[in-house]
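See below for start-v4.cif, which holds mmCIF, C-alpha atoms.
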data_final
loop_
_atom_site.label_atom_id
_atom_site.label_comp_id
_atom_site.auth_asym_id
_atom_site.auth_seq_id
_atom_site.Cartn_x
_atom_site.Cartn_y
_atom_site.Cartn_z
CA MET C 193 11.80 20.82 -4.48
CA ALA C 194 11.89 18.67 -7.57
CA ALA C 195 11.63 20.39 -10.95
CA ARG C 196 8.00 20.81 -11.94
CA ARG C 197 6.80 18.92 -14.94
CA ASP C 198 5.06 20.63 -17.78
CA PHE C 199 1.28 20.56 -17.24
CA TYR C 200 0.62 19.16 -20.72
CA GLU C 201 3.17 16.43 -20.11
CA VAL C 202 1.51 15.62 -16.77
CA LEU C 203 -1.79 15.03 -18.55
CA GLY C 204 -0.10 13.29 -21.49
CA LEU C 205 -1.33 15.87 -23.99
CA GLN C 206 -0.01 17.93 -26.89
CA ARG C 207 -0.01 21.69 -26.45
CA ASP C 208 -2.84 22.10 -28.96
CA ALA C 209 -5.17 19.74 -27.06
CA SER C 210 -8.85 20.70 -27.09
CA SER C 211 -10.64 21.45 -23.83
CA GLU C 212 -12.51 18.18 -24.34
CA GLU C 213 -9.25 16.25 -24.51
CA ILE C 214 -8.01 17.99 -21.38
CA GLN C 215 -11.16 17.04 -19.52
CA ARG C 216 -10.97 13.43 -20.67
CA ALA C 217 -7.27 13.04 -19.83
CA TYR C 218 -7.86 14.49 -16.37
CA ARG C 219 -10.86 12.28 -15.62
CA LYS C 220 -8.97 9.18 -16.64
CA LEU C 221 -5.88 9.98 -14.60
CA ALA C 222 -7.91 11.12 -11.60
CA ARG C 223 -9.70 7.78 -11.53
CA ALA C 224 -6.39 5.92 -11.72
CA TYR C 225 -4.52 7.92 -9.10
CA HIS C 226 -7.16 9.05 -6.62
CA PRO C 227 -5.74 8.22 -3.15
CA ASP C 228 -8.89 6.30 -2.21
CA VAL C 229 -8.71 4.18 -5.34
CA ASN C 230 -4.97 3.69 -5.66
CA LYS C 231 -3.32 3.04 -2.33
CA SER C 232 0.33 3.35 -3.29
CA PRO C 233 2.11 6.37 -1.78
CA GLU C 234 3.22 7.54 -5.23
CA ALA C 235 -0.38 7.79 -6.38
CA GLU C 236 -1.19 10.70 -4.10
CA GLU C 237 1.66 12.82 -5.47
CA ARG C 238 0.60 11.94 -8.97
CA PHE C 239 -3.01 12.84 -8.21
CA LYS C 240 -2.04 16.26 -6.87
CA GLU C 241 0.09 16.95 -9.91
CA VAL C 242 -2.71 15.93 -12.25
CA SER C 243 -5.28 18.04 -10.37
CA GLU C 244 -3.07 21.10 -10.42
CA ALA C 245 -2.43 20.73 -14.14
CA TYR C 246 -6.15 20.37 -14.78
CA ASP C 247 -7.05 23.37 -12.61
CA VAL C 248 -4.87 25.55 -14.81
CA LEU C 249 -5.45 24.05 -18.26
CA SER C 250 -9.23 23.75 -17.87
CA ASP C 251 -9.55 27.52 -17.38
CA PRO C 252 -9.11 29.14 -20.82
CA ASP C 253 -7.72 32.33 -19.34
CA MET C 254 -5.22 30.63 -17.07
CA ARG C 255 -4.28 28.24 -19.86
CA LYS C 256 -3.45 31.14 -22.17
CA ARG C 257 -1.24 32.66 -19.51
CA TYR C 258 0.38 29.31 -18.76
CA ASP C 259 1.14 28.83 -22.47
CA ALA C 260 2.76 32.25 -22.58
CA PHE C 261 4.67 32.29 -19.31
CA GLY C 262 5.01 28.67 -18.14
CA HIS C 263 5.00 27.87 -14.45
CA ASP C 264 5.71 31.52 -13.61
CA PHE C 265 2.38 32.67 -15.01
CA ARG C 266 0.88 33.47 -11.63
CA ARG C 267 3.66 35.90 -10.91
CA VAL C 268 3.34 37.77 -14.18
CA PRO C 269 1.18 40.90 -13.96
CA GLU C 270 -1.79 41.32 -16.31
CA GLY C 271 -1.00 42.75 -19.73
CA VAL C 272 2.69 41.91 -19.90
CA ASP C 273 3.85 40.94 -23.34
CA PRO C 274 5.31 37.41 -23.35
CA GLN C 275 8.28 38.51 -25.42
CA THR C 276 9.12 41.30 -23.02
CA TRP C 277 8.75 38.84 -20.14
CA ALA C 278 11.08 36.34 -21.78
CA ARG C 279 13.68 39.05 -22.41
CA ALA C 280 13.40 40.31 -18.84
CA ARG C 281 13.89 36.76 -17.54
CA ALA C 282 16.87 36.18 -19.80
CA GLY C 283 18.48 39.42 -18.61
CA ALA C 284 17.89 38.74 -14.94
CA PRO C 285 20.71 37.30 -12.87
CA GLY C 286 20.45 33.50 -12.84
CA GLY C 287 19.54 31.40 -9.86
CA GLY C 288 17.24 33.93 -8.24
CA ARG C 289 14.47 32.51 -6.11
CA PRO C 290 10.90 32.89 -7.35
CA GLY C 291 9.43 36.27 -6.58
CA ASP C 292 12.74 38.13 -6.46
CA ASP C 293 13.62 41.63 -7.71
CA ARG C 294 12.80 41.14 -11.35
CA VAL C 295 9.12 40.84 -10.53
CA ARG C 296 9.06 43.89 -8.32
CA VAL C 297 10.58 46.04 -11.10
CA ASP C 298 7.36 45.90 -13.04
CA PHE C 299 5.43 47.10 -10.03
CA GLY C 300 7.68 50.01 -9.29
CA ASP C 301 7.69 50.81 -5.62
CA SER C 302 4.31 49.45 -4.65
CA GLY C 303 6.02 46.73 -2.62
CA ILE C 304 3.28 44.19 -3.22
CA ASP C 305 4.45 40.66 -2.67
CA ILE C 306 3.10 38.83 -5.68
CA ASP C 307 3.57 35.44 -4.08
CA ASP C 308 1.37 36.38 -1.14
CA LEU C 309 -1.23 37.84 -3.42
CA PHE C 310 -1.56 34.71 -5.49
CA GLU C 311 -1.35 32.37 -2.52
CA SER C 312 -4.38 34.07 -1.05
CA MET C 313 -6.24 34.08 -4.37
CA PHE C 314 -5.63 30.45 -5.17
CA GLY C 315 -5.41 29.10 -1.66
CA GLY C 316 -2.79 26.54 -2.61
CA GLY C 317 -4.94 24.47 -4.93
CA GLY C 318 -8.29 26.17 -4.69
CA ARG C 319 -10.42 23.09 -3.97
CA ALA C 320 -10.74 23.47 -0.22
CA ARG C 321 -14.49 23.86 -0.16
CA TRP C 322 -14.77 21.37 2.69
CA GLY C 323 -13.31 21.79 6.10
CA PRO C 324 -10.18 19.89 7.11
CA ILE C 325 -10.14 16.35 5.68
CA THR C 326 -8.04 13.53 7.10
CA GLY C 327 -5.58 12.02 4.63
CA ALA C 328 -6.18 8.69 2.90
CA ASP C 329 -4.68 5.44 4.13
CA GLN C 330 -1.95 4.04 1.93
CA GLU C 331 -0.53 0.61 1.36
CA VAL C 332 2.87 -0.50 0.28
CA GLU C 333 4.22 -4.01 -0.12
CA LEU C 334 7.03 -5.16 2.17
CA PRO C 335 8.90 -8.12 0.67
CA LEU C 336 10.70 -10.17 3.33
CA ARG C 337 12.90 -13.23 3.25
CA VAL C 338 11.68 -16.12 5.36
CA GLU C 339 14.60 -15.63 7.76
CA ASP C 340 13.77 -11.91 8.21
CA ALA C 341 10.12 -12.67 8.89
CA TYR C 342 11.20 -15.30 11.43
CA ASN C 343 13.66 -13.09 13.29
CA GLY C 344 12.01 -9.67 12.88
CA GLY C 345 14.21 -6.59 13.08
CA HIS C 346 14.56 -3.09 11.73
CA ARG C 347 14.24 -1.98 8.15
CA ARG C 348 14.67 1.40 6.47
CA LEU C 349 12.08 2.19 3.83
CA ALA C 350 12.25 4.93 1.22
CA LEU C 351 8.88 6.48 0.48
CA SER C 352 7.92 9.25 -1.87
CA GLY C 353 6.26 12.17 -0.19
CA PRO C 354 5.31 15.80 -0.75
CA ASP C 355 8.91 16.95 -0.20
CA GLY C 356 10.59 14.31 -2.29
CA ASN C 357 11.69 11.01 -0.86
CA ARG C 358 11.69 10.38 2.83
CA SER C 359 13.02 7.46 4.71
CA ILE C 360 11.41 5.81 7.70
CA GLU C 361 12.62 3.11 10.02
CA VAL C 362 10.16 0.33 10.76
CA THR C 363 10.31 -2.38 13.35
CA ILE C 364 9.23 -5.75 12.00
CA PRO C 365 7.92 -8.00 14.75
CA ALA C 366 9.34 -11.53 14.79
CA GLY C 367 6.93 -13.96 13.16
CA VAL C 368 5.05 -11.80 10.66
CA THR C 369 3.10 -13.82 8.14
CA ASP C 370 2.36 -13.44 4.45
CA GLY C 371 -0.38 -10.87 3.88
CA GLN C 372 -0.13 -9.42 7.39
CA ARG C 373 -0.53 -5.65 7.58
CA ILE C 374 1.79 -3.52 9.72
CA ARG C 375 0.23 -0.17 10.55
CA LEU C 376 2.29 2.99 10.69
CA ALA C 377 -0.01 5.62 12.16
CA GLY C 378 0.10 9.04 10.51
CA GLN C 379 2.51 7.98 7.73
CA GLY C 380 -0.15 7.83 5.01
CA GLY C 381 -1.65 10.50 2.76
CA GLU C 382 -1.54 14.13 3.79
CA GLY C 383 -4.62 15.68 5.35
CA THR C 384 -5.96 18.98 4.07
CA GLY C 385 -6.72 22.10 6.07
CA GLY C 386 -4.61 21.02 9.01
CA ALA C 387 -6.27 17.62 9.43
CA SER C 388 -4.15 14.66 10.40
CA ALA C 389 -2.52 12.36 7.84
CA GLY C 390 -3.83 8.89 7.08
CA ASP C 391 -2.06 5.68 8.03
CA LEU C 392 0.43 3.72 6.02
CA TYR C 393 0.03 -0.04 5.94
CA LEU C 394 2.94 -2.29 5.07
CA VAL C 395 1.64 -5.51 3.57
CA VAL C 396 4.07 -8.33 4.27
CA ARG C 397 4.99 -10.46 1.29
CA ILE C 398 7.12 -13.48 2.13
CA LEU C 399 9.51 -14.13 -0.75
CA PRO C 400 9.76 -17.63 -2.19
CA HIS C 401 12.69 -19.52 -0.71
CA SER C 402 14.71 -22.35 -2.22
CA ARG C 403 14.32 -24.55 0.90
CA TYR C 404 11.55 -23.17 3.08
CA ARG C 405 7.89 -23.07 2.17
CA VAL C 406 5.72 -21.11 4.58
CA GLU C 407 2.03 -21.85 5.08
CA GLY C 408 0.53 -19.54 7.66
CA ARG C 409 2.89 -20.05 10.58
CA ASP C 410 3.99 -23.53 9.60
CA ILE C 411 7.26 -23.97 7.77
CA ASN C 412 7.92 -26.89 5.44
CA VAL C 413 11.43 -27.91 4.66
CA GLU C 414 12.80 -30.80 2.64
CA LEU C 415 14.84 -33.36 4.56
CA PRO C 416 17.17 -35.34 2.26
CA LEU C 417 17.99 -38.82 3.65
CA ALA C 418 20.21 -41.67 2.56
CA PRO C 419 18.26 -44.92 1.91
CA TRP C 420 19.87 -46.62 4.93
CA GLU C 421 19.04 -43.64 7.20
CA ALA C 422 15.42 -43.93 6.11
CA ALA C 423 15.34 -47.71 6.46
CA LEU C 424 17.20 -48.03 9.77
CA GLY C 425 16.16 -44.76 11.40
CA ALA C 426 18.55 -41.98 12.34
CA SER C 427 18.90 -38.73 14.20
CA VAL C 428 19.81 -36.00 11.70
CA ALA C 429 20.63 -32.30 12.01
CA PHE C 430 19.42 -29.76 9.45
CA ASP C 431 19.08 -25.98 9.03
CA THR C 432 15.87 -24.13 9.91
CA PRO C 433 15.16 -20.37 9.89
CA GLY C 434 15.67 -20.45 13.67
CA GLY C 435 19.03 -22.24 13.50
CA GLU C 436 20.05 -25.89 13.42
CA ALA C 437 17.46 -28.45 14.51
CA LYS C 438 17.71 -32.18 15.18
CA VAL C 439 15.03 -34.62 14.18
CA ARG C 440 14.70 -38.31 14.94
CA VAL C 441 13.82 -40.26 11.81
CA PRO C 442 11.91 -43.43 12.73
CA PRO C 443 13.03 -46.70 11.07
CA GLY C 444 11.08 -47.52 7.91
CA THR C 445 10.50 -43.95 6.77
CA SER C 446 9.59 -43.39 3.10
CA SER C 447 9.77 -40.28 0.88
CA GLY C 448 6.97 -37.81 1.47
CA ARG C 449 6.61 -38.54 5.18
CA ARG C 450 6.36 -35.33 7.17
CA LEU C 451 8.10 -35.21 10.50
CA ARG C 452 6.75 -32.54 12.79
CA LEU C 453 8.86 -30.37 15.06
CA ARG C 454 6.30 -28.74 17.28
CA GLY C 455 6.77 -25.01 17.87
CA ARG C 456 9.75 -24.72 15.51
CA GLY C 457 7.76 -22.84 12.85
CA MET C 458 7.17 -19.07 12.74
CA PRO C 459 7.11 -17.44 16.18
CA ASN C 460 3.79 -15.91 17.19
CA PRO C 461 3.81 -12.64 19.16
CA SER C 462 0.31 -13.38 20.43
CA GLY C 463 0.02 -17.13 20.89
CA SER C 464 1.80 -20.35 20.17
CA ALA C 465 4.39 -20.62 17.44
CA GLY C 466 3.77 -22.58 14.26
CA ASP C 467 5.22 -26.01 13.59
CA LEU C 468 8.07 -27.05 11.37
CA TYR C 469 7.54 -29.97 9.02
CA ALA C 470 10.55 -31.83 7.65
CA GLU C 471 9.45 -33.62 4.50
CA VAL C 472 11.52 -36.71 3.83
CA ARG C 473 13.21 -37.03 0.48
CA ILE C 474 15.29 -40.15 -0.07
CA MET C 475 18.41 -39.58 -2.16
CA VAL C 476 20.77 -42.11 -3.70
CA PRO C 477 24.37 -41.55 -4.74
CA SER C 478 24.51 -40.76 -8.46
CA LYS C 479 27.57 -42.98 -8.73
CA LEU C 480 28.11 -46.08 -6.59
CA THR C 481 31.51 -47.28 -5.45
CA GLU C 482 32.31 -50.91 -6.09
CA ASP C 483 31.56 -51.86 -2.48
CA GLU C 484 28.27 -49.97 -2.47
CA ARG C 485 27.19 -51.61 -5.68
CA ARG C 486 28.00 -55.09 -4.29
CA LEU C 487 25.99 -54.40 -1.10
CA VAL C 488 22.99 -52.93 -2.91
CA GLU C 489 22.94 -55.85 -5.33
CA GLU C 490 23.04 -58.21 -2.37
CA LEU C 491 20.11 -56.33 -0.81
CA ALA C 492 18.17 -56.48 -4.06
CA ALA C 493 18.67 -60.25 -4.26
CA THR C 494 17.68 -60.83 -0.63
CA SER C 495 14.73 -58.44 -0.23
CA THR C 496 11.15 -59.32 -1.12
CA PHE C 497 10.02 -55.70 -0.78
CA ASP C 498 7.98 -54.45 -3.76
CA PRO C 499 7.03 -50.75 -3.40
CA ARG C 500 4.58 -51.02 -6.35
CA ARG C 501 2.51 -53.80 -4.89
CA GLN C 502 -0.67 -52.59 -3.25
CA ARG C 503 -0.68 -53.29 0.46
CA MET H 249 -28.03 9.70 42.72
CA SER H 250 -27.69 7.39 39.79
CA THR H 251 -24.64 7.05 37.65
CA ALA H 252 -24.62 5.70 34.18
CA LEU H 253 -22.62 2.54 34.55
CA SER H 254 -22.16 1.99 30.89
CA ARG H 255 -22.87 3.82 27.72
CA PRO H 256 -21.96 3.00 24.17
CA ALA H 257 -18.35 3.90 23.64
CA GLY H 258 -18.14 6.32 20.76
CA LEU H 259 -18.87 9.83 19.64
CA ASP H 260 -22.24 11.52 19.81
CA LEU H 261 -23.55 13.45 16.80
CA GLN H 262 -22.32 16.87 17.96
CA THR H 263 -18.84 15.65 18.83
CA PHE H 264 -18.60 13.62 15.66
CA ALA H 265 -19.72 16.53 13.48
CA ARG H 266 -17.22 18.83 15.18
CA LEU H 267 -14.33 16.40 14.74
CA ALA H 268 -15.27 15.81 11.09
CA SER H 269 -15.73 19.58 10.53
CA LEU H 270 -19.19 18.99 9.12
CA HIS H 271 -22.58 20.43 9.92
CA PRO H 272 -24.60 17.97 12.05
CA ASP H 273 -27.36 18.12 9.41
CA LEU H 274 -24.94 16.84 6.77
CA VAL H 275 -23.94 14.01 9.10
CA ARG H 276 -27.62 13.13 9.56
CA ARG H 277 -27.98 13.15 5.79
CA PHE H 278 -25.04 10.74 5.44
CA VAL H 279 -26.77 8.44 7.92
CA ALA H 280 -30.12 8.69 6.12
CA LEU H 281 -28.38 7.72 2.86
CA GLY H 282 -26.69 4.74 4.49
CA LEU H 283 -23.22 6.18 3.95
CA LEU H 284 -22.58 6.07 7.69
CA GLU H 285 -24.02 3.49 10.03
CA PRO H 286 -23.77 4.63 13.63
CA ARG H 287 -24.92 2.42 16.49
CA ARG H 288 -28.04 3.47 18.33
CA ASP H 289 -28.56 3.19 22.06
CA VAL H 290 -31.92 2.37 23.67
CA SER H 291 -33.04 5.98 23.46
CA GLY H 292 -32.26 6.03 19.74
CA ARG H 293 -29.27 8.34 20.04
CA MET H 294 -26.59 7.86 17.43
CA TRP H 295 -23.08 6.86 18.45
CA PHE H 296 -20.30 7.07 15.92
CA ALA H 297 -17.04 5.14 15.95
CA TYR H 298 -13.66 6.75 15.43
CA ASP H 299 -13.39 4.70 12.23
CA ASP H 300 -16.38 6.66 10.93
CA LEU H 301 -14.17 9.75 10.86
CA VAL H 302 -11.92 7.94 8.40
CA ALA H 303 -14.96 6.88 6.37
CA VAL H 304 -16.30 10.44 6.27
CA ALA H 305 -12.94 11.80 5.12
CA ARG H 306 -13.00 9.31 2.26
CA LEU H 307 -16.55 10.37 1.30
CA GLN H 308 -15.41 13.99 1.19
CA ARG H 309 -12.33 13.26 -0.88
CA LEU H 310 -14.21 11.15 -3.41
CA ARG H 311 -17.07 13.61 -3.69
CA SER H 312 -14.87 16.63 -4.30
CA ALA H 313 -12.63 14.83 -6.79
CA PHE H 314 -15.29 13.23 -8.98
CA SER H 315 -18.30 15.48 -8.34
CA LEU H 316 -20.34 12.42 -7.40
CA ASN H 317 -23.83 12.66 -6.03
CA TYR H 318 -24.54 10.92 -2.75
CA ALA H 319 -26.18 7.86 -4.28
CA ALA H 320 -23.22 7.30 -6.60
CA LEU H 321 -20.89 7.91 -3.66
CA GLY H 322 -22.51 5.01 -1.82
CA LEU H 323 -21.99 2.71 -4.78
CA VAL H 324 -18.36 3.74 -5.26
CA VAL H 325 -17.57 3.22 -1.58
CA ASP H 326 -19.26 -0.18 -1.56
CA LEU H 327 -17.33 -1.27 -4.63
CA LEU H 328 -14.02 -0.03 -3.25
CA ASP H 329 -14.67 -1.96 -0.03
CA ARG H 330 -15.50 -5.08 -1.98
CA ILE H 331 -12.33 -4.80 -4.02
CA ALA H 332 -10.30 -4.29 -0.84
CA ALA H 333 -11.89 -7.38 0.72
CA LEU H 334 -11.20 -9.46 -2.40
CA GLU H 335 -7.61 -8.27 -2.54
CA ALA H 336 -7.08 -9.11 1.12
CA ASP H 337 -8.61 -12.53 0.51
CA LEU H 338 -6.30 -13.10 -2.42
CA ARG H 339 -3.31 -12.09 -0.33
CA ASN H 340 -4.13 -14.47 2.48
CA ARG H 341 -4.86 -17.40 0.24
CA PRO H 342 -1.96 -19.87 0.33
CA ARG H 343 -0.14 -19.47 -2.94
CA PRO H 344 0.74 -22.58 -4.93
CA THR H 345 4.49 -22.46 -4.29
CA ARG H 346 5.00 -26.15 -3.85
CA GLY H 347 8.54 -27.36 -3.71
CA ARG H 348 10.00 -29.43 -6.49
CA SER H 349 8.34 -32.76 -6.89
CA TRP H 350 10.58 -35.74 -6.56
CA ILE H 351 8.30 -38.71 -6.49
#

Translate the structure described by the file into structure tokens.
Amino acid sequence: MAARRDFYEVLGLQRDASSEEIQRAYRKLARAYHPDVNKSPEAEERFKEVSEAYDVLSDPDMRKRYDAFGHDFRRVPEGVDPQTWARARAGAPGGGRPGDDRVRVDFGDSGIDIDDLFESMFGGGGRARWGPITGADQEVELPLRVEDAYNGGHRRLALSGPDGNRSIEVTIPAGVTDGQRIRLAGQGGEGTGGASAGDLYLVVRILPHSRYRVEGRDINVELPLAPWEAALGASVAFDTPGGEAKVRVPPGTSSGRRLRLRGRGMPNPSGSAGDLYAEVRIMVPSKLTEDERRLVEELAATSTFDPRRQR
Amino acid sequence: MSTALSRPAGLDLQTFARLASLHPDLVRRFVALGLLEPRRDVSGRMWFAYDDLVAVARLQRLRSAFSLNYAALGLVVDLLDRIAALEADLRNRPRPTRGRSWI
């Protein structure tokens, strides 16, 4: 188990905080981290921590004991002097687990297990007035590259949970779209009183790509063409998320024209795939060779084409 | 002999209350306050959906954490649902990630 944080630190308070300040800090944090308000998996752990800190610090008696004995306070018998306790702890062999011999010494031979006693008194949190309650649903963002969304596959995710981090393997179906939610049943917030856990939803976020722009299931990609390819027509090959594709460019194609490749967009597990649009972008060489320059000049002299004249 | 050919799929009050670990009277109270909206069949019997179990768990969690009364609980739940709907809407809206302009 991870080292427990100081209760004052959890609530962001100084040790001399007034009971009013404790109440206010708790209310604020509870609103921010309540599992039904904040759906991130970390929020639930934070909420539990905050609630536990408040349960102790809001009770003047428990707070006094916490101040004196720290997290061990529930194992310290009534009426023990803090100084004596500190000395006893310092003298005890290190690395003992909680509730070991040094506690029993104070009780002589009564053999009472202090841990059990307090577990039953505090019931592990003490707010189980309801019956079993199912855990809250949680959400976590799943950033994917366009190629990964197209192909699907397996992904390991690290999530924070009650026993530290856990890792789960998720199967991403081919053709997930931006904003789509993938449900992982029973992987959400813990239930109380033996009730089942909530669900975890992965919200797909398609990352921006230098070449591909995804809209729903349609994929847009730029198609750079040489002026003569655009003017004369050509059949050109270019990369798509699903591998190389060939498109026939009709003669007389200008920049901005969108050539559709039906069904070459995002796959669809439950229907027809999206389309792929190749958007024409005419490029010219930044430096012309002597021959190129001569030919282009000849074209300029011969042609009557004026792209700025309204048709 | 007649056989019911169809009945509303769902949970009746007793079953629902048992699964939610609540007293049936409390479930009725939730319904009266509009916090749960079961379907009614022709005879007026209430039929709850499995999703209502999730909704009831949320009501319990919110009530115990913030000591809300039932009227406030209804408001909080409505607002949370509205925020969730808005967030989902925002997520599904095409984002302005246009490629570089070259014209």

Please determine the contact residues of chain C with respect to chain H at a cut-off of 8 Å, counting only C-alpha atoms, and supply them as a short mmCIF file (atom, residue, chain, number, x, y, z; two decimals) with C-alpha atoms, in the coordinates of the input.
data_model
loop_
_atom_site.label_atom_id
_atom_site.label_comp_id
_atom_site.auth_asym_id
_atom_site.auth_seq_id
_atom_site.Cartn_x
_atom_site.Cartn_y
_atom_site.Cartn_z
CA ALA C 222 -7.91 11.12 -11.60
CA HIS C 226 -7.16 9.05 -6.62
CA ASP C 228 -8.89 6.30 -2.21
CA VAL C 229 -8.71 4.18 -5.34
CA ARG C 319 -10.42 23.09 -3.97
CA TRP C 322 -14.77 21.37 2.69
CA GLY C 323 -13.31 21.79 6.10
CA PRO C 324 -10.18 19.89 7.11
CA ILE C 325 -10.14 16.35 5.68
CA THR C 326 -8.04 13.53 7.10
CA GLY C 327 -5.58 12.02 4.63
CA ALA C 328 -6.18 8.69 2.90
CA ASP C 370 2.36 -13.44 4.45
CA GLY C 371 -0.38 -10.87 3.88
CA PRO C 400 9.76 -17.63 -2.19
CA ARG C 403 14.32 -24.55 0.90
CA ARG C 405 7.89 -23.07 2.17
CA GLU C 407 2.03 -21.85 5.08
CA GLY C 408 0.53 -19.54 7.66
CA SER C 447 9.77 -40.28 0.88
CA ARG C 473 13.21 -37.03 0.48
#

Residues within 12 Å of Arg197 in chain C, only C-alpha atoms, excluding chain neighbours under 2 positions, as a ChimeraX atom specification: /C:193-195,199-204,238,241-242,244-245,262-263

Of the listed residues H:Met294, H:Ala257, H:Leu323, H:Leu334, that which approaches Pro272 in chain H most closely, counting all atoms listed in the file: H:Met294

Nearest to Tyr404 in chain C, chosen from C:Ser427, C:Ser388, C:Thr432, C:Asn343, with all atoms listed in the file counted in the distances: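 Once distances to Tyr404 in chain C are computed over all atoms listed in the file, the minimum belongs to C:Thr432.
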
Non-local contacts of Arg257 in chain C (12 Å; only C-alpha atoms; under 6 positions in same chain excluded) as a list in words: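 So, after excluding close chain neighbours, the residues are Val248, Leu249, Asp251, His263, Asp264, Phe265, Arg266, Arg267, Val268, Pro269, Glu270, Gly271, Val272, Asp273, Pro274 and Trp277 of chain C.
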
Two-atom distance - CA of Ser352 in chain C, CA of Glu234 in chain C (Å):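 Interatomic distance here is 6.0 Å.
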
CA of Leu453 in chain C to CA of Tyr342 in chain C, distance in Å rounded to a single decimal: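 Here the two named atoms are 15.7 Å from each other.
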